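This is model-v6.json. It holds JSON, C-alpha atoms and all ligand atoms.
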[["chain", "number", "residue", "atom", "x", "y", "z"],
["A", 227, "MET", "CA", -9.48, -21.42, -48.95],
["A", 228, "SER", "CA", -11.36, -21.63, -45.65],
["A", 229, "ALA", "CA", -13.70, -24.39, -46.89],
["A", 230, "GLU", "CA", -10.68, -26.32, -48.14],
["A", 231, "LYS", "CA", -8.89, -25.85, -44.82],
["A", 232, "ALA", "CA", -12.01, -26.87, -42.87],
["A", 233, "ALA", "CA", -12.21, -30.12, -44.85],
["A", 234, "LEU", "CA", -8.48, -30.74, -44.33],
["A", 235, "ARG", "CA", -8.88, -30.10, -40.58],
["A", 236, "ARG", "CA", -11.65, -32.70, -40.36],
["A", 237, "MET", "CA", -9.53, -35.26, -42.19],
["A", 238, "ALA", "CA", -6.47, -34.40, -40.12],
["A", 239, "ARG", "CA", -8.34, -34.78, -36.83],
["A", 240, "GLU", "CA", -9.44, -38.28, -37.84],
["A", 241, "ARG", "CA", -5.98, -39.33, -38.91],
["A", 242, "ARG", "CA", -4.38, -37.99, -35.74],
["A", 243, "ALA", "CA", -6.97, -39.70, -33.52],
["A", 244, "ALA", "CA", -6.33, -43.02, -35.28],
["A", 245, "ALA", "CA", -2.58, -42.69, -34.67],
["A", 246, "HIS", "CA", -2.88, -41.59, -31.03],
["A", 247, "GLY", "CA", -1.75, -43.83, -28.20],
["A", 248, "GLY", "CA", 0.58, -46.79, -27.94],
["A", 249, "VAL", "CA", 4.33, -46.37, -28.16],
["A", 250, "ARG", "CA", 4.40, -43.83, -31.01],
["A", 251, "GLY", "CA", 4.37, -40.80, -28.70],
["A", 252, "ALA", "CA", 7.32, -42.01, -26.65],
["A", 253, "ALA", "CA", 9.26, -42.85, -29.82],
["A", 254, "ALA", "CA", 8.65, -39.35, -31.21],
["A", 255, "CYS", "CA", 9.74, -37.77, -27.90],
["A", 256, "ALA", "CA", 12.99, -39.74, -27.96],
["A", 257, "ARG", "CA", 13.71, -38.45, -31.47],
["A", 258, "LEU", "CA", 12.78, -34.93, -30.40],
["A", 259, "ILE", "CA", 15.26, -34.99, -27.52],
["A", 260, "ASP", "CA", 18.01, -36.15, -29.92],
["A", 261, "HIS", "CA", 17.10, -33.46, -32.45],
["A", 262, "LEU", "CA", 17.19, -30.70, -29.84],
["A", 263, "GLY", "CA", 20.53, -31.82, -28.39],
["A", 264, "PRO", "CA", 22.50, -29.03, -30.16],
["A", 265, "SER", "CA", 20.00, -26.46, -28.84],
["A", 266, "LEU", "CA", 20.15, -27.46, -25.17],
["A", 267, "GLY", "CA", 20.47, -24.42, -22.93],
["A", 268, "ARG", "CA", 18.40, -22.16, -25.20],
["A", 269, "PRO", "CA", 14.98, -21.21, -23.81],
["A", 270, "MET", "CA", 12.37, -23.61, -25.19],
["A", 271, "ALA", "CA", 8.59, -23.74, -25.47],
["A", 272, "GLY", "CA", 6.62, -26.98, -25.26],
["A", 273, "TYR", "CA", 2.86, -27.39, -25.08],
["A", 274, "MET", "CA", 0.25, -29.08, -22.91],
["A", 275, "PRO", "CA", -1.54, -31.58, -25.14],
["A", 276, "ILE", "CA", -5.27, -31.34, -25.84],
["A", 277, "ARG", "CA", -7.47, -33.93, -27.51],
["A", 278, "THR", "CA", -5.28, -36.39, -29.41],
["A", 279, "GLU", "CA", -2.17, -34.21, -29.79],
["A", 280, "LEU", "CA", 1.08, -36.10, -29.35],
["A", 281, "ASP", "CA", 2.10, -35.67, -25.71],
["A", 282, "PRO", "CA", 5.47, -33.85, -25.58],
["A", 283, "ARG", "CA", 5.77, -33.94, -21.79],
["A", 284, "PRO", "CA", 8.28, -36.81, -21.59],
["A", 285, "ALA", "CA", 10.61, -34.68, -23.73],
["A", 286, "MET", "CA", 9.80, -31.49, -21.82],
["A", 287, "VAL", "CA", 10.73, -33.15, -18.52],
["A", 288, "LYS", "CA", 14.17, -34.12, -19.90],
["A", 289, "LEU", "CA", 14.72, -30.73, -21.56],
["A", 290, "SER", "CA", 13.77, -28.88, -18.37],
["A", 291, "ALA", "CA", 16.65, -30.60, -16.59],
["A", 292, "CYS", "CA", 19.04, -28.78, -18.97],
["A", 293, "GLY", "CA", 17.38, -25.37, -19.32],
["A", 294, "VAL", "CA", 14.27, -23.28, -19.25],
["A", 295, "VAL", "CA", 11.03, -24.69, -20.69],
["A", 296, "ALA", "CA", 7.88, -22.60, -21.07],
["A", 297, "LEU", "CA", 4.26, -23.05, -22.12],
["A", 298, "PRO", "CA", 2.17, -20.88, -24.47],
["A", 299, "VAL", "CA", -0.41, -18.55, -22.95],
["A", 300, "ILE", "CA", -3.12, -16.87, -25.03],
["A", 301, "GLU", "CA", -3.21, -13.17, -24.29],
["A", 302, "ALA", "CA", -6.03, -12.33, -26.70],
["A", 303, "ALA", "CA", -7.44, -13.40, -30.07],
["A", 304, "ALA", "CA", -5.34, -12.17, -33.02],
["A", 305, "LYS", "CA", -2.31, -11.53, -30.79],
["A", 306, "PRO", "CA", 0.92, -13.51, -30.56],
["A", 307, "LEU", "CA", 1.20, -16.06, -27.78],
["A", 308, "ARG", "CA", 3.16, -15.27, -24.63],
["A", 309, "PHE", "CA", 5.16, -17.90, -22.79],
["A", 310, "ARG", "CA", 5.33, -18.70, -19.10],
["A", 311, "ARG", "CA", 7.96, -20.86, -17.46],
["A", 312, "TRP", "CA", 6.93, -24.45, -16.78],
["A", 313, "THR", "CA", 8.60, -26.96, -14.49],
["A", 314, "PRO", "CA", 7.56, -30.61, -14.09],
["A", 315, "GLY", "CA", 4.64, -30.81, -11.66],
["A", 316, "CYS", "CA", 4.08, -27.03, -11.47],
["A", 317, "ALA", "CA", 0.53, -25.84, -10.82],
["A", 318, "THR", "CA", -1.53, -25.25, -13.97],
["A", 319, "VAL", "CA", -5.04, -24.06, -14.70],
["A", 320, "ALA", "CA", -7.26, -24.51, -17.77],
["A", 321, "GLY", "CA", -7.10, -21.43, -19.99],
["A", 322, "PRO", "CA", -8.84, -20.66, -23.31],
["A", 323, "PHE", "CA", -9.80, -23.72, -25.37],
["A", 324, "GLY", "CA", -9.15, -25.88, -22.31],
["A", 325, "VAL", "CA", -5.37, -25.67, -22.66],
["A", 326, "GLU", "CA", -3.55, -25.89, -19.31],
["A", 327, "VAL", "CA", -1.25, -22.95, -18.52],
["A", 328, "PRO", "CA", 1.02, -22.41, -15.50],
["A", 329, "VAL", "CA", -0.70, -20.53, -12.70],
["A", 330, "GLU", "CA", 2.40, -18.41, -12.22],
["A", 331, "GLY", "CA", 5.89, -18.18, -13.60],
["A", 332, "GLN", "CA", 8.42, -16.01, -15.34],
["A", 333, "ASP", "CA", 7.70, -14.59, -18.82],
["A", 334, "ILE", "CA", 10.02, -16.33, -21.31],
["A", 335, "VAL", "CA", 11.02, -15.45, -24.87],
["A", 336, "PRO", "CA", 11.64, -18.89, -26.41],
["A", 337, "GLU", "CA", 14.27, -19.49, -29.08],
["A", 338, "VAL", "CA", 13.18, -23.08, -29.72],
["A", 339, "LEU", "CA", 9.50, -23.98, -30.07],
["A", 340, "ILE", "CA", 7.94, -27.43, -30.05],
["A", 341, "VAL", "CA", 4.83, -26.78, -32.11],
["A", 342, "PRO", "CA", 1.56, -28.77, -32.01],
["A", 343, "LEU", "CA", -0.31, -29.30, -35.26],
["A", 344, "LEU", "CA", -3.17, -31.05, -37.00],
["A", 345, "ALA", "CA", -1.32, -31.80, -40.24],
["A", 346, "PHE", "CA", 1.96, -31.11, -42.04],
["A", 347, "ASP", "CA", 3.34, -31.60, -45.51],
["A", 348, "ARG", "CA", 6.83, -32.31, -46.93],
["A", 349, "THR", "CA", 7.49, -28.60, -47.51],
["A", 350, "GLY", "CA", 7.22, -27.75, -43.80],
["A", 351, "ALA", "CA", 3.74, -26.26, -44.07],
["A", 352, "ARG", "CA", 1.58, -26.70, -41.00],
["A", 353, "LEU", "CA", -2.16, -26.79, -40.37],
["A", 354, "GLY", "CA", -3.33, -25.79, -36.87],
["A", 355, "TYR", "CA", -6.72, -25.14, -35.34],
["A", 356, "GLY", "CA", -7.06, -21.91, -37.33],
["A", 357, "GLY", "CA", -6.45, -19.22, -34.75],
["A", 358, "GLY", "CA", -3.23, -18.15, -36.45],
["A", 359, "PHE", "CA", -1.55, -18.08, -33.03],
["A", 360, "TYR", "CA", 1.67, -19.84, -33.98],
["A", 361, "ASP", "CA", 1.92, -17.91, -37.27],
["A", 362, "ARG", "CA", 1.73, -14.60, -35.43],
["A", 363, "THR", "CA", 4.04, -15.78, -32.68],
["A", 364, "LEU", "CA", 6.73, -17.13, -35.01],
["A", 365, "ALA", "CA", 6.57, -13.99, -37.16],
["A", 366, "GLN", "CA", 7.13, -11.84, -34.08],
["A", 367, "LEU", "CA", 9.91, -14.00, -32.64],
["A", 368, "ARG", "CA", 11.69, -14.33, -36.02],
["A", 369, "SER", "CA", 11.67, -10.56, -36.45],
["A", 370, "ARG", "CA", 13.71, -10.36, -33.23],
["A", 371, "GLY", "CA", 16.24, -13.13, -33.65],
["A", 372, "PRO", "CA", 16.91, -16.71, -34.67],
["A", 373, "VAL", "CA", 14.16, -19.19, -33.84],
["A", 374, "LEU", "CA", 13.90, -22.94, -34.32],
["A", 375, "ALA", "CA", 10.33, -24.15, -34.82],
["A", 376, "VAL", "CA", 9.96, -27.92, -34.60],
["A", 377, "GLY", "CA", 6.60, -29.53, -35.29],
["A", 378, "LEU", "CA", 5.82, -32.67, -33.29],
["A", 379, "ALA", "CA", 3.36, -35.08, -34.84],
["A", 380, "TYR", "CA", 2.49, -38.64, -35.68],
["A", 381, "ALA", "CA", 3.77, -39.70, -39.11],
["A", 382, "ALA", "CA", 0.13, -40.30, -40.09],
["A", 383, "GLN", "CA", -0.48, -36.55, -39.81],
["A", 384, "GLU", "CA", 1.39, -35.95, -43.07],
["A", 385, "LEU", "CA", -0.82, -34.83, -45.96],
["A", 386, "PRO", "CA", 0.40, -34.60, -49.57],
["A", 387, "HIS", "CA", -0.14, -30.88, -49.92],
["A", 388, "LEU", "CA", -1.41, -28.12, -47.62],
["A", 389, "PRO", "CA", -2.65, -24.83, -49.04],
["A", 390, "SER", "CA", -0.39, -21.94, -48.10],
["A", 391, "GLU", "CA", -1.16, -18.35, -47.22],
["A", 392, "PRO", "CA", 1.31, -15.46, -47.12],
["A", 393, "THR", "CA", 1.06, -15.30, -43.31],
["A", 394, "ASP", "CA", 1.93, -18.99, -42.82],
["A", 395, "GLN", "CA", 5.20, -19.43, -40.95],
["A", 396, "PRO", "CA", 7.14, -22.53, -42.03],
["A", 397, "LEU", "CA", 8.49, -25.09, -39.62],
["A", 398, "ASP", "CA", 12.24, -25.75, -39.53],
["A", 399, "ALA", "CA", 11.73, -29.44, -38.90],
["A", 400, "ILE", "CA", 9.08, -32.01, -38.14],
["A", 401, "VAL", "CA", 9.72, -34.82, -35.72],
["A", 402, "THR", "CA", 7.57, -37.94, -35.83],
["A", 403, "GLU", "CA", 7.93, -41.46, -34.41],
["A", 404, "GLU", "CA", 9.51, -42.42, -37.73],
["A", 405, "GLY", "CA", 12.19, -39.76, -37.94],
["A", 406, "VAL", "CA", 13.08, -36.12, -38.47],
["A", 407, "ILE", "CA", 12.20, -34.18, -41.60],
["A", 408, "ALA", "CA", 14.39, -31.06, -41.71],
["A", 409, "PHE", "CA", 13.76, -28.18, -44.09],
["R", 1, "LIG", "N1", -1.79, -27.98, -26.90],
["R", 1, "LIG", "C1", -1.93, -26.86, -27.58],
["R", 1, "LIG", "N2", -1.69, -25.70, -26.98],
["R", 1, "LIG", "C2", -1.85, -24.55, -27.67],
["R", 1, "LIG", "C3", -2.24, -24.55, -29.03],
["R", 1, "LIG", "C4", -2.48, -25.80, -29.65],
["R", 1, "LIG", "O1", -2.80, -25.91, -30.84],
["R", 1, "LIG", "N3", -2.31, -26.92, -28.89],
["R", 1, "LIG", "N4", -2.41, -23.35, -29.68],
["R", 1, "LIG", "C5", -2.34, -23.15, -31.06],
["R", 1, "LIG", "O2", -2.69, -22.14, -31.57],
["R", 1, "LIG", "C6", -2.66, -22.18, -28.84],
["R", 1, "LIG", "C7", -4.08, -22.29, -28.37],
["R", 1, "LIG", "N5", -4.95, -22.10, -29.47],
["R", 1, "LIG", "C8", -6.02, -22.87, -29.75],
["R", 1, "LIG", "C9", -6.88, -22.38, -30.70],
["R", 1, "LIG", "C10", -8.02, -23.09, -31.00],
["R", 1, "LIG", "C11", -8.28, -24.29, -30.39],
["R", 1, "LIG", "C12", -9.51, -25.04, -30.71],
["R", 1, "LIG", "O3", -9.74, -26.09, -30.16],
["R", 1, "LIG", "N6", -10.35, -24.54, -31.59],
["R", 1, "LIG", "C13", -11.63, -25.16, -31.85],
["R", 1, "LIG", "C14", -12.54, -24.18, -32.47],
["R", 1, "LIG", "C15", -12.98, -23.23, -31.42],
["R", 1, "LIG", "C16", -13.91, -22.19, -31.89],
["R", 1, "LIG", "O4", -13.97, -21.88, -33.08],
["R", 1, "LIG", "O5", -14.62, -21.69, -31.01],
["R", 1, "LIG", "C17", -11.50, -26.36, -32.71],
["R", 1, "LIG", "O6", -10.54, -26.43, -33.51],
["R", 1, "LIG", "O7", -12.34, -27.23, -32.57],
["R", 1, "LIG", "C18", -7.39, -24.79, -29.45],
["R", 1, "LIG", "C19", -6.26, -24.07, -29.13],
["R", 1, "LIG", "C20", -1.71, -22.16, -27.69],
["R", 1, "LIG", "N7", -1.68, -23.41, -26.99],
["R", 2, "LIG", "N1", 1.17, -12.49, -38.72],
["R", 2, "LIG", "C1", -0.14, -12.41, -38.98],
["R", 2, "LIG", "N2", -0.76, -11.23, -39.07],
["R", 2, "LIG", "C2", -2.07, -11.16, -39.35],
["R", 2, "LIG", "N3", -2.85, -12.21, -39.53],
["R", 2, "LIG", "C3", -2.31, -13.41, -39.45],
["R", 2, "LIG", "C4", -0.92, -13.58, -39.16],
["R", 2, "LIG", "N4", -0.68, -14.91, -39.12],
["R", 2, "LIG", "C5", -1.85, -15.54, -39.37],
["R", 2, "LIG", "N5", -2.83, -14.66, -39.57],
["R", 2, "LIG", "C6", -4.24, -14.98, -39.88],
["R", 2, "LIG", "O1", -4.76, -15.89, -38.93],
["R", 2, "LIG", "C7", -5.75, -16.71, -39.55],
["R", 2, "LIG", "C8", -5.60, -18.16, -39.17],
["R", 2, "LIG", "O2", -4.39, -18.68, -39.73],
["R", 2, "LIG", "P1", -4.20, -20.23, -40.01],
["R", 2, "LIG", "O3", -5.42, -20.83, -40.63],
["R", 2, "LIG", "O4", -2.88, -20.40, -40.72],
["R", 2, "LIG", "O5", -4.07, -20.78, -38.49],
["R", 2, "LIG", "P2", -3.35, -22.07, -37.94],
["R", 2, "LIG", "O6", -1.88, -22.00, -38.22],
["R", 2, "LIG", "O7", -4.07, -23.24, -38.51],
["R", 2, "LIG", "O8", -3.66, -21.94, -36.37],
["R", 2, "LIG", "P3", -2.74, -21.96, -35.05],
["R", 2, "LIG", "O9", -1.40, -21.37, -35.38],
["R", 2, "LIG", "O10", -3.49, -21.13, -34.06],
["R", 2, "LIG", "O11", -2.63, -23.37, -34.62],
["R", 2, "LIG", "C9", -5.65, -16.49, -41.05],
["R", 2, "LIG", "O12", -6.76, -15.75, -41.45],
["R", 2, "LIG", "C10", -4.36, -15.70, -41.22],
["R", 2, "LIG", "O13", -4.47, -14.79, -42.28]]
How would this structure read if it were set down as structure tokens?
Ligand SMILES: Nc1nc2c(c(=O)[nH]1)N(C=O)[C@@H](CNc1ccc(C(=O)N[C@@H](CCC(=O)O)C(=O)O)cc1)CN2
Ligand SMILES: Nc1ncnc2c1ncn2[C@@H]1O[C@H](COP(=O)(O)OP(=O)(O)OP(=O)(O)O)[C@@H](O)[C@H]1O
Amino acid sequence: MSAEKAALRRMARERRAAAHGGVRGAAACARLIDHLGPSLGRPMAGYMPIRTELDPRPAMVKLSACGVVALPVIEAAAKPLRFRRWTPGCATVAGPFGVEVPVEGQDIVPEVLIVPLLAFDRTGARLGYGGGFYDRTLAQLRSRGPVLAVGLAYAAQELPHLPSEPTDQPLDAIVTEEGVIAF
């Protein structure tokens, strides 16, 4: 399983890098804002992009005008993520893996999560960097109440089939520059 996932991660990184840039990111953000319209007002989590991840900040800026938006913060390996409130232009500092996190801010329990990923498939399966952070986080949040997990990706990040493990948490939808795939 891990060798298969490692090979898929390599392929996924290349495909994402090839898709990165241009107008695709903005188009995906516009679709994301539309998709989250019915959820406006619920606390949301975005992410600060690293490497060639699709930049969700144009959507986060708009969403933050209507409600609370937070960013993930790693507390420790093998623990769920925590979330700290983010506002456009707020001070951030590089945390683990070089991901920017707010220097200060309220602890938030998000009900809607915009989830970064390396690859997805048509069943809503997601491949991340392998830390299991989003799996643990979604499992914890879903045990407490309803959660909407929306993957944000370039259409080229779709792979025909991702291997699944019992701990994998499915996405509720995937938004790309080409449209929304809801599960
Ligand atoms: N933008 C963004 N923020 C995020 C995530 C993410 O995937 N993207 N996360 C999602 O969980 C959490 C951070 N977890 C991460 C886990 C691993 C790596 C990473 O780059 N791993 C290296 C391997 C590092 C190693 O083994 O030492 C790699 O994949 O090259 C990045 C983020 C929370 N914030
Ligand atoms: N709820 C959980 N409890 C215990 N272990 C878990 C849980 N969720 C995931 N894991 C473990 O974490 C490891 C990494 O999971 P996986 O390869 O699915 O990460 P990923 O989704 O690619 O990464 P990330 O979510 O950080 O982007 C796996 O060994 C998996 O068994």
Between atom C10 of ligand LIG 1 (chain R) and atom CA of A:Pro322, what distance in Å does the model show, to one decimal? 8.1 Å
Could you give me, as a ChimeraX atom specification, the residues within 8 Å of A:Tyr355, counting all atoms listed in the file and dropping anything in the same chain fewer than 6 positions from it? /A:235,343-344
Quick one: pull the distance between atom CA of A:Val338 and atom CA of A:Pro306, Å, one decimal. 15.6 Å
Which residues are near ligand LIG 2 (chain R) in this structure, taking near to mean any atom at most 9 Å from a ligand atom and counting all atoms listed in the file? Format them as a VMD selection string. chain A and resid 228 231 235 304 to 306 341 to 344 352 to 366 390 to 395
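One finds atom C14 of ligand LIG 1 (chain R) at 13.7 Å from atom CA of A:Ala233.
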